[in-house]
Structure formats: C-alpha cells, structure tokens
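Asks: Questions regarding the structure given below will be posed in turn.
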Amino acid sequence: MKNGQFLTLGIETSCDETAASVVADGRVVMSNIISSQIDIHTAYGGVVPEIASRRHLERINDVIERALKEADIEVKDIDLIGVTYGPGLVGALLIGVAAAKAMAYAADIPLIGVNHMHGHIAANYLEHHDLEPPFMALVVSGGHTEIVNVPAYNSCEKLGGTRDDAAGEAFDKVARVIGLGYPGGPKIDKAAKEGDPEAVQFKRVYLEPGSLDFSFSGLKTQALNYLNSERQAGREINVNDVAASFQEAVVEVIANKAVDAAKRYDQKRIVMAGGVASNSRLRALISAAASAAGIEVLKPSPVLCTDNGAMIASAAYYAYKSGERTDYELDAVPGLEF
Amino acid sequence: MKILAIETTGKYGSVSVIDEEGHVWSAESREEMNHLRGIISLIDEALASAGISKSELTHIAASIGPGSFTGIRIGVTTARTMAQILGIPCIAVSSIRALAEEALSKAISSDARFVVPIINARRHQTYGAIYEAEFTSDHEHQSISVISEERQYMIEELLDKIGSDVAFFTGDGIDAYGDIIKDKLIEGCYSFADEDVRYQSSVSVAKIALQKAKRGDVIGYEELLPEYMRLAEAEQRLKAGTLSDKIKKPY
C-alpha cells in the first residue's frame, strides 16, 4: 500500500518479452517495463525457446527493479505479486514463476498465478476504467484465436477457438510465403494498406453453420497456389494486393463470428485482446459490424495488446479480491487451458 | 555468517544452510526434477532446521551448473531474486567443483590420485574436470588442485588424460559411461563414488560457498549467472550455418 492504493506487481515471461509492471487498485498502470527479445530471435526467423529462457533469466531482476523504480515504490509497498504460469514456453514461464515465488517468499507478499489468456482480457480493465463484466471477449494472438464469454471477473467460458492455426500464425506463414518476413502480423497490416482486398479471392472459412470455431490452415496453401499460378502465367505479383486480400479473408471471419457470439449471448460489448487485436483492419471491420448491431467494441491500446506485466497484475488483483490464493508449489503449465 | 546454498542442477533438488563454523542443515527433495514446485519448501525446511529466519541470512549461494539447463535456471533465478529482495550478496559455485568436494575424503581413503567428477551431457559427452587430491599430514585440511579444467569433454578424451593413474569418479556420468570407463582403464586403477554421494548435493555447495565467503569471493545478484558450458542448439547451428526453418513462434 502506498497513498491508500493496493499495489500489484505483475510478472510476465511466457514467450519472448520479459515484463514487469506495477498496477494500482487493479486498474491504474504505475509502470510497465517490457524488455523485448525480438531483435535476438529475428536472426532465427522465430522464437528459439532455449535462447528465450536464457535471456529471461539475465533480464528479469533488472526488469522488476525498473518497474518498482518507475512506479516510485519499494518492495515493502507491494501488496500482491501476480505471475503468468501458462500457457507459453515452459522454459520461459519458469523464469517468471521462480522469480515471483522467491520474491513472494523473501518479502512475505501474497502470490497469484495468472493464466496468460485471462491477462490479455484483463488488459482492457487498464484501458477502460469503467469496464466491468459481463462482456464478450475476442482473443487473437500468435497462438490464440478464441471467442470467450466473460460473465464475471475471473470467469472465462470459451465458446470457440481455432481448430488448426491461430490467426497470428497464419499471418506469419503467409508473410513468409510472400516475402514480407517476420513478424508477419504488423508487416501484412502495413502492406495491406497499399493493396486491394478484392484483388485475390481467398476463401472465407466459416465451418459448419453456427460454429464459433476457426480454421486458417488452408490459407497458406491458397496463397502458395495463387503465387504459383501467377508465376506460371508470367504475371507480376502485387504483394500488397495479396496481403490485403489474405488479411481481409481472416479478419472478416473473425469479426463476423465475434459479433454473432455477442448477439447470441445478448452481450452489448465486445472486448478485444491479444497481439492481433492491434490489426487495424480487424479493428475497423469489427467496429462496423458491431455498431450495426448496437454493440460497443472496446480495444486496449497497442502496448497493452502485446505481452506485458500490467495485464497480469490486473488479472491477479481481481483473482485475489475474489478470494483466490496461490501457494509456493506453483509450477509452470505450458499447455494451460482457458 | 549464515549462507543459504541451492542445488538444482541434477535430478534431485536440495537446499542447505551453513554457518561460520561449518555446521550444515539441509533439506532434500525425494521427487525427481521437482525443482520449480519444490524449491521454496526446501528453502523453508532448511531454514527451519537451522532455526533461523530468512532475514538472518548473509549470503545466497547457488550451484550455477553445468547440469540440467532447466534446473540451473530455477536455482539461479531463485537465488538471484532472494538476494535482490533481501539485499545480500551471492556466491557462485560450480556443480563440478562441488561434486569433487563431496568425493574428496572418499577419494583419499581409496588412495586415488585424481578426483574426476563427470556429469552426463549425452552422446559420449560429459561436463567434467580432473582434480588432484591432496591432504595434509593431520588429514584435517584436504585440498585439491586442478589438473584438467572444468569444461565439456568427450568421455574418451578425459579418460586418455587420466592414463594409468588411480582415479576416483563421481557424478551421474558414472551411470552413463561406467562401462566405457571399465573398458578403457586398467582394473584397480579406478573406483566409483557410491550412489548416496554420487549426485549433486547442496551440502558440498554450502561448504564451498563458506570457503568463498571467507575469502570475500562474493558477487552481486546481477552477476550470478548460469554456467551452461554449451550454447543453445540453435546458436550452434546459426554459427555453423545449418539452421533449419522448423523453429517458429508458438505464442
């Protein structure tokens, strides 16, 4: 406690960002330190788990130190420590979990293990201070494409998810195929702004009627087939057009299904979360479809869409307030379900 | 002086507390590779049996490897963070050197010239070293000197260095390469540590940490870093130019 505020330290190391943040009363970001490893992993074309684990260890303590300093607090002011314990890369997760447990034990601070995906949803509590459940959440990231009903704090009911590739994965694969490189999401988003989304016909995969699931694995093959046939016909390939058309096929399906889910569950708000929630076309399409149905769409700012400690702190705060406690046996759970 | 010593580089995790006079209190996990789950309760148990609170600790020591990469990271991260929060210095202890410490008196009583810790690094590779056991006439002050430095060896390469001298082996490399040792060395010129003293233990980490603390050989928590003795596989491949594109971002 400092100045009457309940202070939570959030620690996040599930993939390639070493992050720590101090959040006041579950809502106000006092500091948000994110040490990204993207420059290191770019040389390998993606995240290398062993290298990520090694870097997390070297950086975690300094990142925690900076989070406290920037929030202008000391260890004794912290009321709660929240840490991501899954899903993610096991070697990466365990650095955060080991550090959080050692800190909680050494300073006698309560500990909460947080599901990374719940954290992404909680990012919205930091952005929209009046937001309270119930709402419909759309979580789209490199590893996830999920529609989640949120009836109450810390209550997540998964209604649909991807059956193969996540949206972010599809972006990475197609970006590689058309030569845009890694990371695919932002690169396709940018190229698509200069392209025609109707230039190439990509299939919209809605699966069986009423399904809230997704399937994106066929899109890479479609992109490859298109490139091959154009090359054989001797036509020049417009990368921007391919990017725009592919992106449209992905985000149109996501936007329509999310709005459909909100309607069916009579939710008046859709809350976006995850790295792909930063995609400008997805944001535009879902806003258009939702407003036609009288549904409000809330999005966190880009810095809160990426992996960060603040969202973990917020989720931990609400778990703690609802009476949840985590003991020192906390382990990393790489395949943690929603 | 009250030093907490953490050892999680092998199969079983353990934690010890050692005081200035060398009294040791320990807690040891009975579950294999239970390092992350069990680490805090081991620390708590060791402190309780020593009858001290964590605020009385003066140093945090950790076995920094080589050994299980994951195990090393759990021990080192825990040690760094505890030292950071408690505001006390760290002591880095080599897992190979700690194995030698544990084996020293046994080696001397079996008339071995060399103490050879070997940690299994798979495919005929081992993390190891060759030390020469020495003792003073009163048998109280044993010491060791380095004959072949701590690094990664092919087991055959290490055995060649021993030649026909009498060697006492310790470490889980015995489990993997015992047959190769028996094959290459002369009968009667080698002996193996018993299973109860063969594996990494926080007791010897604590003993070495105490020696280091008395010498003032201590570091800040940010300087306590793992000794993997090996690059990540992808780093090796990048250097060799044989990186595959299988690696991808899963989250």
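Letters A, B, ... go to the chains of the structure tokens in the order shown; residues in each chain start at 1; ligands are counted from 1 in the same order.
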Using only C-alpha atoms, which residues sit within 8 Å of stretch 272-278 of chain A once same-chain residues fewer than 6 positions away are excluded, as an mmCIF file with C-alpha atoms, in the first residue's frame?
Replies:
data_model
loop_
_atom_site.group_PDB
_atom_site.id
_atom_site.type_symbol
_atom_site.label_atom_id
_atom_site.label_comp_id
_atom_site.auth_asym_id
_atom_site.auth_seq_id
_atom_site.Cartn_x
_atom_site.Cartn_y
_atom_site.Cartn_z
ATOM 1 C CA HIS A 120 -4.906 -10.449 -22.169
ATOM 2 C CA ILE A 121 -8.588 -9.939 -21.419
ATOM 3 C CA ALA A 123 -5.656 -5.594 -20.268
ATOM 4 C CA ASN A 124 -8.991 -3.943 -21.032
ATOM 5 C CA ALA A 137 -14.068 -11.233 -25.387
ATOM 6 C CA LEU A 138 -12.191 -11.871 -28.605
ATOM 7 C CA VAL A 139 -8.625 -13.039 -28.007
ATOM 8 C CA VAL A 140 -6.456 -13.029 -31.124
ATOM 9 C CA SER A 141 -2.709 -13.548 -30.979
ATOM 10 C CA GLY A 142 0.166 -15.552 -32.386
ATOM 11 C CA ALA A 167 -4.703 -16.033 -36.702
ATOM 12 C CA GLY A 168 -1.232 -14.738 -35.857
ATOM 13 C CA GLY A 185 1.210 -9.512 -38.416
ATOM 14 C CA VAL A 297 -16.309 -2.611 -29.209
ATOM 15 C CA LEU A 298 -13.513 -1.935 -26.729
ATOM 16 C CA LYS A 299 -9.834 -2.307 -27.544
ATOM 17 C CA PRO A 300 -6.723 -1.836 -25.454
ATOM 18 C CA SER A 301 -4.003 0.419 -26.853
ATOM 19 C CA PRO A 302 -1.259 -1.459 -28.757
ATOM 20 C CA CYS A 305 -2.124 -5.786 -26.603
ATOM 21 C CA THR A 306 1.412 -7.171 -26.573
ATOM 22 C CA ASP A 307 2.576 -9.383 -23.719
#
Asks: Would you tabulate, counting only C-alpha atoms, all residues of chain A that have an atom at most 6 Å from an atom of chain B, showing the closest pair of atoms and their distance in Å to one decimal, sorted by chain then ascending number, as a tab-separated table?
Replies:
residue	atom	partner	partner_atom	distance
A:Gly46	CA	B:Lys248	CA	4.6
A:Val47	CA	B:Lys249	CA	4.9
A:Ala98	CA	B:Thr78	CA	5.6
A:Ala99	CA	B:Thr81	CA	5.7
A:Ala102	CA	B:Thr78	CA	5.4
A:Ala106	CA	B:Met82	CA	5.9
A:Gly142	CA	B:Tyr251	CA	4.9
A:Gly143	CA	B:Tyr251	CA	4.1
A:Glu329	CA	B:Arg37	CA	4.5
A:Leu330	CA	B:Arg37	CA	5.8
A:Asp331	CA	B:Arg37	CA	5.3
Asks: Report as a tab-separated table (two decimals) with N, CA and C atoms, in the first residue's frame all protein, DNA and RNA residues lying within 7 Å of A:Val97, evaluated on only C-alpha atoms, omitting residues in the same chain fewer than 3 positions from it.
Replies:
chain	number	residue	atom	x	y	z
A	83	VAL	N	1.82	-13.57	-11.38
A	83	VAL	CA	2.78	-14.07	-12.37
A	83	VAL	C	2.09	-15.02	-13.35
A	85	TYR	N	1.68	-18.25	-15.28
A	85	TYR	CA	2.23	-19.62	-15.14
A	85	TYR	C	1.84	-20.50	-16.33
A	93	LEU	N	8.42	-19.57	-19.09
A	93	LEU	CA	7.50	-19.40	-17.97
A	93	LEU	C	8.19	-19.58	-16.63
A	94	LEU	N	9.06	-20.59	-16.55
A	94	LEU	CA	9.60	-20.93	-15.23
A	94	LEU	C	10.51	-19.84	-14.67
A	100	ALA	N	9.01	-14.86	-9.16
A	100	ALA	CA	7.83	-14.41	-8.40
A	100	ALA	C	7.74	-15.14	-7.06
A	101	LYS	N	7.98	-16.45	-7.09
A	101	LYS	CA	7.90	-17.22	-5.84
A	101	LYS	C	8.99	-16.79	-4.87
A	332	ALA	N	5.08	-24.12	-13.61
A	332	ALA	CA	4.76	-23.61	-14.95
A	332	ALA	C	3.91	-24.66	-15.66
Asks: Quick one: residues within 7 Å of B:Ala206, only C-alpha atoms, excluding same-chain residues fewer than 4 positions away - as a list in words?
Replies: Ala5, Ser16, Val17, Ile18, Ser202 and Leu210 of chain B
Asks: What are the DSSP strand (DSSP E or B) residues of stretch 20-53 of chain B, as a ChimeraX atom specification?
Replies: /B:24-28
Asks: I need the residues from that last selection saved to file as a PDB file, in the first residue's frame (with all heavy atoms), if you can.
Replies:
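What ended up in again_28.pdb:
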ATOM      1  N   VAL B  24      26.063 -27.658   9.091  1.00  0.00           N
ATOM      2  CA  VAL B  24      25.169 -27.659   7.920  1.00  0.00           C
ATOM      3  C   VAL B  24      23.807 -28.237   8.275  1.00  0.00           C
ATOM      4  O   VAL B  24      23.716 -29.264   8.960  1.00  0.00           O
ATOM      5  CB  VAL B  24      25.786 -28.492   6.766  1.00  0.00           C
ATOM      6  CG1 VAL B  24      24.871 -28.467   5.543  1.00  0.00           C
ATOM      7  CG2 VAL B  24      27.163 -27.965   6.395  1.00  0.00           C
ATOM      8  N   TRP B  25      22.750 -27.558   7.807  1.00  0.00           N
ATOM      9  CA  TRP B  25      21.378 -28.077   7.923  1.00  0.00           C
ATOM     10  C   TRP B  25      20.809 -28.174   6.508  1.00  0.00           C
ATOM     11  O   TRP B  25      20.953 -27.223   5.730  1.00  0.00           O
ATOM     12  CB  TRP B  25      20.512 -27.137   8.752  1.00  0.00           C
ATOM     13  CG  TRP B  25      20.993 -26.976  10.166  1.00  0.00           C
ATOM     14  CD1 TRP B  25      20.568 -27.703  11.231  1.00  0.00           C
ATOM     15  CD2 TRP B  25      21.958 -26.051  10.665  1.00  0.00           C
ATOM     16  NE1 TRP B  25      21.226 -27.279  12.374  1.00  0.00           N
ATOM     17  CE2 TRP B  25      22.085 -26.270  12.051  1.00  0.00           C
ATOM     18  CE3 TRP B  25      22.751 -25.052  10.073  1.00  0.00           C
ATOM     19  CZ2 TRP B  25      22.947 -25.522  12.854  1.00  0.00           C
ATOM     20  CZ3 TRP B  25      23.616 -24.317  10.865  1.00  0.00           C
ATOM     21  CH2 TRP B  25      23.714 -24.550  12.247  1.00  0.00           C
ATOM     22  N   SER B  26      20.154 -29.282   6.189  1.00  0.00           N
ATOM     23  CA  SER B  26      19.748 -29.478   4.793  1.00  0.00           C
ATOM     24  C   SER B  26      18.341 -30.005   4.645  1.00  0.00           C
ATOM     25  O   SER B  26      17.778 -30.608   5.563  1.00  0.00           O
ATOM     26  CB  SER B  26      20.690 -30.478   4.112  1.00  0.00           C
ATOM     27  OG  SER B  26      22.000 -29.995   4.117  1.00  0.00           O
ATOM     28  N   ALA B  27      17.802 -29.789   3.462  1.00  0.00           N
ATOM     29  CA  ALA B  27      16.536 -30.392   3.059  1.00  0.00           C
ATOM     30  C   ALA B  27      16.701 -30.871   1.626  1.00  0.00           C
ATOM     31  O   ALA B  27      17.306 -30.181   0.808  1.00  0.00           O
ATOM     32  CB  ALA B  27      15.408 -29.367   3.142  1.00  0.00           C
ATOM     33  N   GLU B  28      16.174 -32.052   1.351  1.00  0.00           N
ATOM     34  CA  GLU B  28      16.401 -32.648   0.039  1.00  0.00           C
ATOM     35  C   GLU B  28      15.092 -33.170  -0.533  1.00  0.00           C
ATOM     36  O   GLU B  28      14.291 -33.761   0.184  1.00  0.00           O
ATOM     37  CB  GLU B  28      17.387 -33.805   0.200  1.00  0.00           C
ATOM     38  CG  GLU B  28      17.949 -34.309  -1.082  1.00  0.00           C
ATOM     39  CD  GLU B  28      18.867 -35.522  -0.868  1.00  0.00           C
ATOM     40  OE1 GLU B  28      19.242 -35.801   0.287  1.00  0.00           O
ATOM     41  OE2 GLU B  28      19.165 -36.185  -1.865  1.00  0.00           O
TER      42      GLU B  28
END
Asks: Write out as a PyMOL selection string each polymer residue whose atoms come within 12 Å of A:Thr8, counting only C-alpha atoms; drop sequence neighbours fewer than 2 positions from it.
Replies: chain A and resi 1-2+5-6+10-11+20-32+67-68+71+73-83+100+104+109-112+309-321
Asks: Generate a file of the selected residues that holds C-alpha atoms, formatted as a tab-separated table (two decimals), in the first residue's frame.
Replies:
chain	number	residue	atom	x	y	z
A	1	MET	CA	0.00	0.00	0.00
A	2	LYS	CA	1.16	3.47	-0.78
A	5	GLN	CA	-3.62	2.29	-3.13
A	6	PHE	CA	-3.42	-1.50	-3.35
A	10	GLY	CA	2.74	-8.31	-12.41
A	11	ILE	CA	5.44	-10.54	-13.94
A	20	ALA	CA	7.07	-6.44	-15.07
A	21	SER	CA	4.62	-3.78	-14.06
A	22	VAL	CA	3.10	-2.14	-11.03
A	23	VAL	CA	-0.67	-1.60	-11.13
A	24	ALA	CA	-2.67	0.35	-8.54
A	25	ASP	CA	-6.09	-0.97	-7.46
A	26	GLY	CA	-6.13	-3.36	-10.43
A	27	ARG	CA	-6.74	-0.52	-12.88
A	28	VAL	CA	-4.04	2.16	-12.95
A	29	VAL	CA	-0.69	1.40	-14.61
A	30	MET	CA	2.08	2.90	-12.48
A	31	SER	CA	4.89	1.34	-14.54
A	32	ASN	CA	5.05	-1.09	-17.43
A	67	ALA	CA	9.21	-1.49	-12.64
A	68	LEU	CA	9.47	-0.59	-8.94
A	71	ALA	CA	6.35	3.39	-10.07
A	73	ILE	CA	7.72	2.35	-4.80
A	74	GLU	CA	9.72	-0.09	-2.71
A	75	VAL	CA	9.31	-3.84	-2.27
A	76	LYS	CA	7.57	-3.32	1.07
A	77	ASP	CA	4.83	-1.29	-0.63
A	78	ILE	CA	3.77	-4.24	-2.79
A	79	ASP	CA	0.56	-5.96	-1.64
A	80	LEU	CA	0.40	-8.75	-4.21
A	81	ILE	CA	2.55	-10.46	-6.83
A	82	GLY	CA	0.88	-11.86	-9.94
A	83	VAL	CA	2.78	-14.07	-12.37
A	100	ALA	CA	7.83	-14.41	-8.40
A	104	ALA	CA	6.86	-13.52	-2.56
A	109	ILE	CA	3.89	-10.97	-0.15
A	110	PRO	CA	0.84	-12.96	-1.32
A	111	LEU	CA	1.18	-14.68	-4.71
A	112	ILE	CA	-1.30	-15.33	-7.52
A	309	GLY	CA	3.12	-7.41	-16.86
A	310	ALA	CA	0.34	-4.87	-16.27
A	311	MET	CA	-2.38	-7.14	-17.63
A	312	ILE	CA	-1.10	-9.94	-15.39
A	313	ALA	CA	-1.19	-7.61	-12.38
A	314	SER	CA	-4.78	-6.63	-13.14
A	315	ALA	CA	-5.94	-10.23	-13.54
A	316	ALA	CA	-4.10	-11.16	-10.32
A	317	TYR	CA	-5.78	-8.31	-8.46
A	318	TYR	CA	-9.30	-9.47	-9.33
A	319	ALA	CA	-8.43	-13.10	-8.55
A	320	TYR	CA	-7.08	-12.03	-5.17
A	321	LYS	CA	-10.13	-9.88	-4.43
